[in-house]
Amino acid sequence: MSTDETSQAASPMPAPPSDAEMEELRQLASIFLPHSYKRSLQAYPEKQSAKFAHYTSADAAMQIIETKRFWMRNAMCMADYSEVNHGFELLKKALSVETGFKALEAALDQCASGVARQAVEIFDHHLIAIRTNTYIACVSEHDSKEDLHGRLSMWRAFGSAGGTRVALVLSVPWYSSASWVLNVTFSPVAYLSDSEVAAEVASVIENVRANAKFLREVDPAKVLATMFTMLLTATTCLKHEGFAEEKEWRAIYEPTWAPPHSRGLMECSTRCVNGVPQHVYEIPVDVRRSPAFADVDLAQMFERLIIGPTQYPWPIREAFVDALTKAGVQEAGARVFISGLPIRT
């Protein structure tokens, strides 16, 4: 480990929330983020870990394995250039109607006066940064039926221009102190229509009314933070309903207001992706950086790697087995598979 890594790993970090605090945060999430909360319970039925696949180029996957870093790219550089704007427009429409923000503000004022208005004002203040300075890493829920071949639609979605593609399958824990230390939000994408977003807002309003006693007893700062998270995730994790088969989840990072300890661990670098020079933030999945990353170390999370349709499957497989072994993955040779889907590359 380098001197910089040692000093960063030893720098003071906030203590993770206690079990009681986590339960309080989960109840707040169930109130203000009902869709996300329900999807989380579905993905994590045992509240332990769930499998996700990161479909990417063979080159990018090799860099992830060798460096133990996941790239987070600016949302403006994603394949769908309207990633953030689409969610914002749906949210704005849902909160502009009479049953939207006014009703939500009235309900919440009965529990934490002024919090709804304050959350919106903070969100508006950061809107430009949210639109232009949001960094995202994407994964897809992985079904065991896809263990051998991956998902056909995902291979096709990438096309052949970028060369060989692979699926890096990881077992991601229900909760990790790493997300707390890094100030990273991990959320499912919602594929909702206009009417469904409006219904979601109505559900939040009813939840606030039904949980008024609980909300009166919670620190207003926590209620404010949760409502702001609601606005943020609605903007960054709402996607056109036509993409629903992707079953996407997103890790979201906002460097604009990240705490110092987070900025010390989330390294920013300039990379050229598909010919476009851009900043990327790198999520460390390496226990050597901090004990907080023990359960998200790449070797700990790694489940399997599936090589997509390619003309050179066996040389690629050999290279990945070697890289994974060096990264500390046990029995790597038995965990790298070649997709047998008969499609052209």
# chains A, B, ... in the order shown; residues from 1 in each chain; ligands from 1

call {"tool": "residues_around", "arguments": {"residues": "A:Leu298", "least_positions_apart": "2", "cutoff": "7 Å", "atoms": "only C-alpha atoms", "output": "PyMOL selection string"}}
result
chain A and resi 68+285-286+296+300-302

call {"tool": "select_by_dssp", "arguments": {"residues": "stretch 36-212 of chain A", "states": "alpha helix (DSSP H)", "output": "PyMOL selection string"}}
result
chain A and resi 36-43+58-67+83-96+101-109+115-125+127-132+152-158+177-182+194-210+212

call {"tool": "residues_around", "arguments": {"residues": "stretch 201-209 of chain A", "least_positions_apart": "2", "cutoff": "9 Å", "atoms": "only C-alpha atoms", "output": "ChimeraX atom specification"}}
result
/A:30-34,91,94-95,99-101,103-105,107-108,110-111,196-199,211-213,215

call {"tool": "write_last_selection", "arguments": {"atoms": "C-alpha atoms", "output": "tab-separated table (two decimals), in the first residue's frame"}}
result
chain	number	residue	atom	x	y	z
A	30	SER	CA	-40.09	3.33	3.86
A	31	ILE	CA	-42.02	6.59	4.25
A	32	PHE	CA	-40.28	8.84	1.73
A	33	LEU	CA	-38.84	6.27	-0.69
A	34	PRO	CA	-41.57	3.60	-0.86
A	91	LEU	CA	-40.59	14.79	-10.67
A	94	ALA	CA	-45.70	15.28	-10.24
A	95	LEU	CA	-44.93	17.98	-7.66
A	99	THR	CA	-52.15	17.18	-5.04
A	100	GLY	CA	-48.37	17.20	-5.29
A	101	PHE	CA	-46.05	19.48	-3.37
A	103	ALA	CA	-50.32	18.42	-0.19
A	104	LEU	CA	-46.93	16.98	0.77
A	105	GLU	CA	-45.89	20.24	2.44
A	107	ALA	CA	-48.84	16.89	5.63
A	108	LEU	CA	-45.18	17.22	6.61
A	110	GLN	CA	-47.83	18.81	10.84
A	111	CYS	CA	-44.78	16.73	11.83
A	196	GLU	CA	-47.10	6.23	-11.71
A	197	VAL	CA	-44.75	8.97	-10.49
A	198	ALA	CA	-47.79	11.00	-9.40
A	199	ALA	CA	-49.11	7.91	-7.60
A	211	ASN	CA	-46.54	7.98	10.43
A	212	ALA	CA	-47.04	11.45	11.87
A	213	LYS	CA	-46.33	10.38	15.46
A	215	LEU	CA	-41.95	11.75	12.38

call {"tool": "closest_residue", "arguments": {"among": "A:Asp147, A:Glu254, A:Glu241, A:Asp219", "to": "A:Ser113", "atoms": "only C-alpha atoms"}}
result
A:Asp219

call {"tool": "atom_distance", "arguments": {"atom1": "atom CA of A:Ser187", "atom2": "atom CA of A:Ala129"}}
result
19.3 Å

call {"tool": "atom_distance", "arguments": {"atom1": "atom CA of A:Val321", "atom2": "atom CA of A:Gly150"}}
result
18.0 Å

call {"tool": "atom_distance", "arguments": {"atom1": "atom CA of A:Ala137", "atom2": "atom CA of A:Leu341"}}
result
26.0 Å

call {"tool": "residues_around", "arguments": {"residues": "A:Met154", "least_positions_apart": "2", "cutoff": "10 Å", "atoms": "only C-alpha atoms", "output": "list in words"}}
result
Tyr55, Thr56, Ser140, Gly150, Arg151, Leu152, Arg156, Ala157, Phe158, Gly159, Arg165, Ala167, Glu245, Glu246 and Gly308 of chain A

call {"tool": "write_last_selection", "arguments": {"atoms": "N, CA and C atoms", "output": "tab-separated table (two decimals), in the first residue's frame"}}
result
chain	number	residue	atom	x	y	z
A	55	TYR	N	-22.34	-5.19	-16.70
A	55	TYR	CA	-22.03	-5.48	-18.10
A	55	TYR	C	-21.15	-4.36	-18.63
A	56	THR	N	-19.97	-4.73	-19.11
A	56	THR	CA	-19.02	-3.71	-19.54
A	56	THR	C	-18.05	-4.33	-20.55
A	140	SER	N	-26.88	-4.43	-12.90
A	140	SER	CA	-28.19	-4.99	-13.18
A	140	SER	C	-28.46	-6.17	-12.26
A	150	GLY	N	-25.50	-15.17	-19.34
A	150	GLY	CA	-25.79	-13.74	-19.21
A	150	GLY	C	-27.16	-13.43	-19.78
A	151	ARG	N	-27.44	-12.14	-19.96
A	151	ARG	CA	-28.75	-11.71	-20.45
A	151	ARG	C	-28.64	-11.25	-21.90
A	152	LEU	N	-29.40	-11.87	-22.77
A	152	LEU	CA	-29.32	-11.58	-24.20
A	152	LEU	C	-29.52	-10.10	-24.50
A	156	ARG	N	-26.92	-7.46	-26.44
A	156	ARG	CA	-27.35	-6.73	-27.64
A	156	ARG	C	-27.33	-5.22	-27.42
A	157	ALA	N	-27.66	-4.80	-26.21
A	157	ALA	CA	-27.71	-3.36	-25.93
A	157	ALA	C	-26.35	-2.71	-26.13
A	158	PHE	N	-25.28	-3.44	-25.80
A	158	PHE	CA	-23.94	-2.88	-25.95
A	158	PHE	C	-23.48	-2.88	-27.40
A	159	GLY	N	-23.99	-3.81	-28.23
A	159	GLY	CA	-23.55	-3.88	-29.61
A	159	GLY	C	-22.12	-4.40	-29.71
A	165	ARG	N	-17.47	-7.96	-24.72
A	165	ARG	CA	-18.13	-7.53	-23.49
A	165	ARG	C	-18.13	-8.67	-22.48
A	167	ALA	N	-19.71	-9.81	-18.32
A	167	ALA	CA	-20.58	-9.52	-17.18
A	167	ALA	C	-19.84	-9.91	-15.92
A	245	GLU	N	-36.59	-3.96	-18.59
A	245	GLU	CA	-35.95	-5.27	-18.57
A	245	GLU	C	-34.49	-5.20	-18.12
A	246	GLU	N	-33.91	-4.00	-18.07
A	246	GLU	CA	-32.53	-3.87	-17.61
A	246	GLU	C	-32.40	-4.16	-16.12
A	308	GLY	N	-18.89	-12.49	-22.88
A	308	GLY	CA	-19.92	-12.40	-23.91
A	308	GLY	C	-19.45	-12.97	-25.23

call {"tool": "residues_around", "arguments": {"residues": "A:Ala299", "least_positions_apart": "5", "cutoff": "12 Å", "atoms": "only C-alpha atoms", "output": "compact mmCIF listing (two decimals) with C-alpha atoms, in the first residue's frame"}}
result
# COMPACT_ATOMS: atom_id res chain seq x y z
CA ILE A 64 -11.61 -3.03 -12.41
CA ILE A 65 -10.04 -6.34 -11.39
CA GLU A 66 -6.43 -5.18 -11.57
CA THR A 67 -6.97 -1.86 -9.74
CA LYS A 68 -9.90 -2.88 -7.52
CA LEU A 168 -18.91 -9.16 -13.80
CA VAL A 169 -21.29 -10.79 -11.29
CA LEU A 170 -20.97 -9.63 -7.69
CA SER A 171 -22.68 -10.48 -4.41
CA VAL A 172 -23.43 -7.06 -2.92
CA VAL A 285 -13.41 -2.16 -3.64
CA ASP A 286 -10.26 -2.93 -1.75
CA VAL A 287 -9.97 -3.71 1.97
CA ARG A 288 -6.42 -2.33 1.90
CA PHE A 293 -14.36 -2.04 2.81
CA ALA A 294 -13.95 -5.59 4.13
CA ARG A 304 -18.42 -15.16 -11.47
CA ALA A 323 -6.07 -11.46 -13.22
CA LEU A 324 -8.72 -12.70 -10.78
CA THR A 325 -6.26 -15.06 -9.10
CA LYS A 326 -3.83 -12.18 -8.59
CA ALA A 327 -6.71 -10.11 -7.14
CA GLY A 328 -7.23 -12.76 -4.44
CA VAL A 329 -10.23 -14.60 -5.91
CA GLN A 330 -10.28 -18.23 -4.83
CA GLU A 331 -10.70 -20.95 -7.50
CA ALA A 332 -10.94 -18.34 -10.24
CA ARG A 335 -15.75 -19.10 -11.87

call {"tool": "closest_residue", "arguments": {"among": "A:Ala221, A:Cys272, A:Ile283, A:Ala234", "to": "A:Ala190", "atoms": "only C-alpha atoms"}}
result
A:Ala234

call {"tool": "residues_around", "arguments": {"residues": "A:Lys247", "least_positions_apart": "5", "cutoff": "10 Å", "atoms": "only C-alpha atoms", "output": "PyMOL selection string"}}
result
chain A and resi 52+139-142+188-191

call {"tool": "write_last_selection", "arguments": {"atoms": "C-alpha atoms", "output": "PDB file, in the first residue's frame"}}
result
ATOM      1  CA  PHE A  52     -25.795  -7.919  -9.472  1.00  0.00           C
ATOM      2  CA  VAL A 139     -25.312  -2.694 -12.347  1.00  0.00           C
ATOM      3  CA  SER A 140     -28.195  -4.995 -13.184  1.00  0.00           C
ATOM      4  CA  GLU A 141     -30.026  -7.466 -10.961  1.00  0.00           C
ATOM      5  CA  HIS A 142     -28.692 -10.930 -11.793  1.00  0.00           C
ATOM      6  CA  PRO A 188     -32.823   0.704  -7.761  1.00  0.00           C
ATOM      7  CA  VAL A 189     -33.908   2.480 -10.926  1.00  0.00           C
ATOM      8  CA  ALA A 190     -37.660   3.096 -11.199  1.00  0.00           C
ATOM      9  CA  TYR A 191     -39.228   2.624 -14.625  1.00  0.00           C
TER      10      TYR A 191
END

call {"tool": "select_by_dssp", "arguments": {"residues": "stretch 97-236 of chain A", "states": "strand (DSSP E)", "output": "PyMOL selection string"}}
result
chain A and resi 135-141+165-173+185-188

call {"tool": "residues_around", "arguments": {"residues": "A:Ala225", "least_positions_apart": "6", "cutoff": "12 Å", "atoms": "only C-alpha atoms", "output": "list of chain:residue names"}}
result
A:Leu25, A:Leu28, A:Ala29, A:Phe32, A:Val115, A:Ala116, A:Gln118, A:Ala119, A:Val120, A:Ile122, A:Phe123, A:Val218, A:Asp219, A:Leu231, A:Leu232

call {"tool": "closest_residue", "arguments": {"among": "A:Ala292, A:Ala53, A:Val336, A:Leu90", "to": "A:Ser195", "atoms": "only C-alpha atoms"}}
result
A:Leu90

call {"tool": "closest_residue", "arguments": {"among": "A:Glu146, A:Phe228, A:Arg39, A:Ala75", "to": "A:His125", "atoms": "only C-alpha atoms"}}
result
A:Phe228

call {"tool": "closest_residue", "arguments": {"among": "A:Ala244, A:Ile306, A:Ala112, A:Ile130", "to": "A:Met227", "atoms": "only C-alpha atoms"}}
result
A:Ala112

call {"tool": "closest_residue", "arguments": {"among": "A:Tyr44, A:Trp71, A:Phe337, A:Phe186", "to": "A:Ile252", "atoms": "only C-alpha atoms"}}
result
A:Phe186

call {"tool": "decode", "arguments": {"residues": "stretch 288-316 of chain A", "atoms": "N, CA and C atoms", "output": "PDB file, in the first residue's frame"}}
result
ATOM      1  N   ARG A 288      -7.671  -2.993   1.542  1.00  0.00           N
ATOM      2  CA  ARG A 288      -6.418  -2.334   1.902  1.00  0.00           C
ATOM      3  C   ARG A 288      -6.600  -0.827   2.082  1.00  0.00           C
ATOM      4  N   ARG A 289      -7.650  -0.281   1.495  1.00  0.00           N
ATOM      5  CA  ARG A 289      -7.896   1.153   1.643  1.00  0.00           C
ATOM      6  C   ARG A 289      -8.468   1.502   3.001  1.00  0.00           C
ATOM      7  N   SER A 290      -9.295   0.613   3.544  1.00  0.00           N
ATOM      8  CA  SER A 290      -9.929   0.858   4.840  1.00  0.00           C
ATOM      9  C   SER A 290     -10.609  -0.424   5.307  1.00  0.00           C
ATOM     10  N   PRO A 291     -10.595  -0.695   6.614  1.00  0.00           N
ATOM     11  CA  PRO A 291     -11.339  -1.852   7.137  1.00  0.00           C
ATOM     12  C   PRO A 291     -12.827  -1.779   6.804  1.00  0.00           C
ATOM     13  N   ALA A 292     -13.338  -0.567   6.554  1.00  0.00           N
ATOM     14  CA  ALA A 292     -14.756  -0.400   6.225  1.00  0.00           C
ATOM     15  C   ALA A 292     -15.118  -1.092   4.919  1.00  0.00           C
ATOM     16  N   PHE A 293     -14.106  -1.420   4.100  1.00  0.00           N
ATOM     17  CA  PHE A 293     -14.363  -2.040   2.808  1.00  0.00           C
ATOM     18  C   PHE A 293     -14.242  -3.559   2.841  1.00  0.00           C
ATOM     19  N   ALA A 294     -14.170  -4.145   4.016  1.00  0.00           N
ATOM     20  CA  ALA A 294     -13.953  -5.590   4.129  1.00  0.00           C
ATOM     21  C   ALA A 294     -15.009  -6.390   3.381  1.00  0.00           C
ATOM     22  N   ASP A 295     -16.276  -5.999   3.514  1.00  0.00           N
ATOM     23  CA  ASP A 295     -17.339  -6.791   2.885  1.00  0.00           C
ATOM     24  C   ASP A 295     -17.618  -6.378   1.442  1.00  0.00           C
ATOM     25  N   VAL A 296     -16.916  -5.356   0.950  1.00  0.00           N
ATOM     26  CA  VAL A 296     -17.074  -4.984  -0.458  1.00  0.00           C
ATOM     27  C   VAL A 296     -15.741  -5.102  -1.208  1.00  0.00           C
ATOM     28  N   ASP A 297     -14.782  -5.776  -0.609  1.00  0.00           N
ATOM     29  CA  ASP A 297     -13.549  -6.062  -1.334  1.00  0.00           C
ATOM     30  C   ASP A 297     -13.899  -6.919  -2.556  1.00  0.00           C
ATOM     31  N   LEU A 298     -13.258  -6.646  -3.681  1.00  0.00           N
ATOM     32  CA  LEU A 298     -13.600  -7.343  -4.920  1.00  0.00           C
ATOM     33  C   LEU A 298     -13.534  -8.862  -4.767  1.00  0.00           C
ATOM     34  N   ALA A 299     -12.495  -9.357  -4.116  1.00  0.00           N
ATOM     35  CA  ALA A 299     -12.359 -10.803  -3.942  1.00  0.00           C
ATOM     36  C   ALA A 299     -13.478 -11.371  -3.075  1.00  0.00           C
ATOM     37  N   GLN A 300     -13.978 -10.563  -2.144  1.00  0.00           N
ATOM     38  CA  GLN A 300     -15.063 -10.991  -1.259  1.00  0.00           C
ATOM     39  C   GLN A 300     -16.398 -11.023  -2.001  1.00  0.00           C
ATOM     40  N   MET A 301     -16.660 -10.019  -2.845  1.00  0.00           N
ATOM     41  CA  MET A 301     -17.938  -9.920  -3.552  1.00  0.00           C
ATOM     42  C   MET A 301     -18.007 -10.769  -4.811  1.00  0.00           C
ATOM     43  N   PHE A 302     -16.870 -11.096  -5.392  1.00  0.00           N
ATOM     44  CA  PHE A 302     -16.864 -11.747  -6.706  1.00  0.00           C
ATOM     45  C   PHE A 302     -17.594 -13.092  -6.698  1.00  0.00           C
ATOM     46  N   GLU A 303     -18.493 -13.253  -7.652  1.00  0.00           N
ATOM     47  CA  GLU A 303     -19.231 -14.505  -7.822  1.00  0.00           C
ATOM     48  C   GLU A 303     -18.784 -15.245  -9.082  1.00  0.00           C
ATOM     49  N   ARG A 304     -18.815 -14.559 -10.208  1.00  0.00           N
ATOM     50  CA  ARG A 304     -18.420 -15.161 -11.465  1.00  0.00           C
ATOM     51  C   ARG A 304     -18.215 -14.078 -12.516  1.00  0.00           C
ATOM     52  N   LEU A 305     -17.576 -14.469 -13.612  1.00  0.00           N
ATOM     53  CA  LEU A 305     -17.431 -13.577 -14.751  1.00  0.00           C
ATOM     54  C   LEU A 305     -17.886 -14.326 -15.981  1.00  0.00           C
ATOM     55  N   ILE A 306     -18.755 -13.700 -16.770  1.00  0.00           N
ATOM     56  CA  ILE A 306     -19.287 -14.317 -17.982  1.00  0.00           C
ATOM     57  C   ILE A 306     -18.745 -13.543 -19.181  1.00  0.00           C
ATOM     58  N   ILE A 307     -18.058 -14.234 -20.058  1.00  0.00           N
ATOM     59  CA  ILE A 307     -17.505 -13.619 -21.261  1.00  0.00           C
ATOM     60  C   ILE A 307     -18.570 -13.651 -22.348  1.00  0.00           C
ATOM     61  N   GLY A 308     -18.892 -12.485 -22.879  1.00  0.00           N
ATOM     62  CA  GLY A 308     -19.918 -12.399 -23.906  1.00  0.00           C
ATOM     63  C   GLY A 308     -19.455 -12.968 -25.235  1.00  0.00           C
ATOM     64  N   PRO A 309     -20.378 -13.054 -26.189  1.00  0.00           N
ATOM     65  CA  PRO A 309     -20.047 -13.598 -27.509  1.00  0.00           C
ATOM     66  C   PRO A 309     -18.808 -12.922 -28.103  1.00  0.00           C
ATOM     67  N   THR A 310     -17.834 -13.722 -28.517  1.00  0.00           N
ATOM     68  CA  THR A 310     -16.569 -13.198 -29.028  1.00  0.00           C
ATOM     69  C   THR A 310     -15.876 -14.250 -29.885  1.00  0.00           C
ATOM     70  N   GLN A 311     -14.960 -13.798 -30.730  1.00  0.00           N
ATOM     71  CA  GLN A 311     -14.186 -14.723 -31.556  1.00  0.00           C
ATOM     72  C   GLN A 311     -13.016 -15.336 -30.778  1.00  0.00           C
ATOM     73  N   TYR A 312     -12.684 -14.748 -29.637  1.00  0.00           N
ATOM     74  CA  TYR A 312     -11.493 -15.180 -28.906  1.00  0.00           C
ATOM     75  C   TYR A 312     -11.812 -15.570 -27.465  1.00  0.00           C
ATOM     76  N   PRO A 313     -12.755 -16.470 -27.242  1.00  0.00           N
ATOM     77  CA  PRO A 313     -13.184 -16.769 -25.871  1.00  0.00           C
ATOM     78  C   PRO A 313     -12.107 -17.365 -24.981  1.00  0.00           C
ATOM     79  N   TRP A 314     -11.290 -18.295 -25.498  1.00  0.00           N
ATOM     80  CA  TRP A 314     -10.359 -19.002 -24.626  1.00  0.00           C
ATOM     81  C   TRP A 314      -9.156 -18.149 -24.213  1.00  0.00           C
ATOM     82  N   PRO A 315      -8.539 -17.378 -25.108  1.00  0.00           N
ATOM     83  CA  PRO A 315      -7.471 -16.477 -24.644  1.00  0.00           C
ATOM     84  C   PRO A 315      -7.983 -15.449 -23.632  1.00  0.00           C
ATOM     85  N   ILE A 316      -9.205 -14.957 -23.854  1.00  0.00           N
ATOM     86  CA  ILE A 316      -9.783 -13.973 -22.931  1.00  0.00           C
ATOM     87  C   ILE A 316     -10.032 -14.619 -21.578  1.00  0.00           C
TER      88      ILE A 316
END
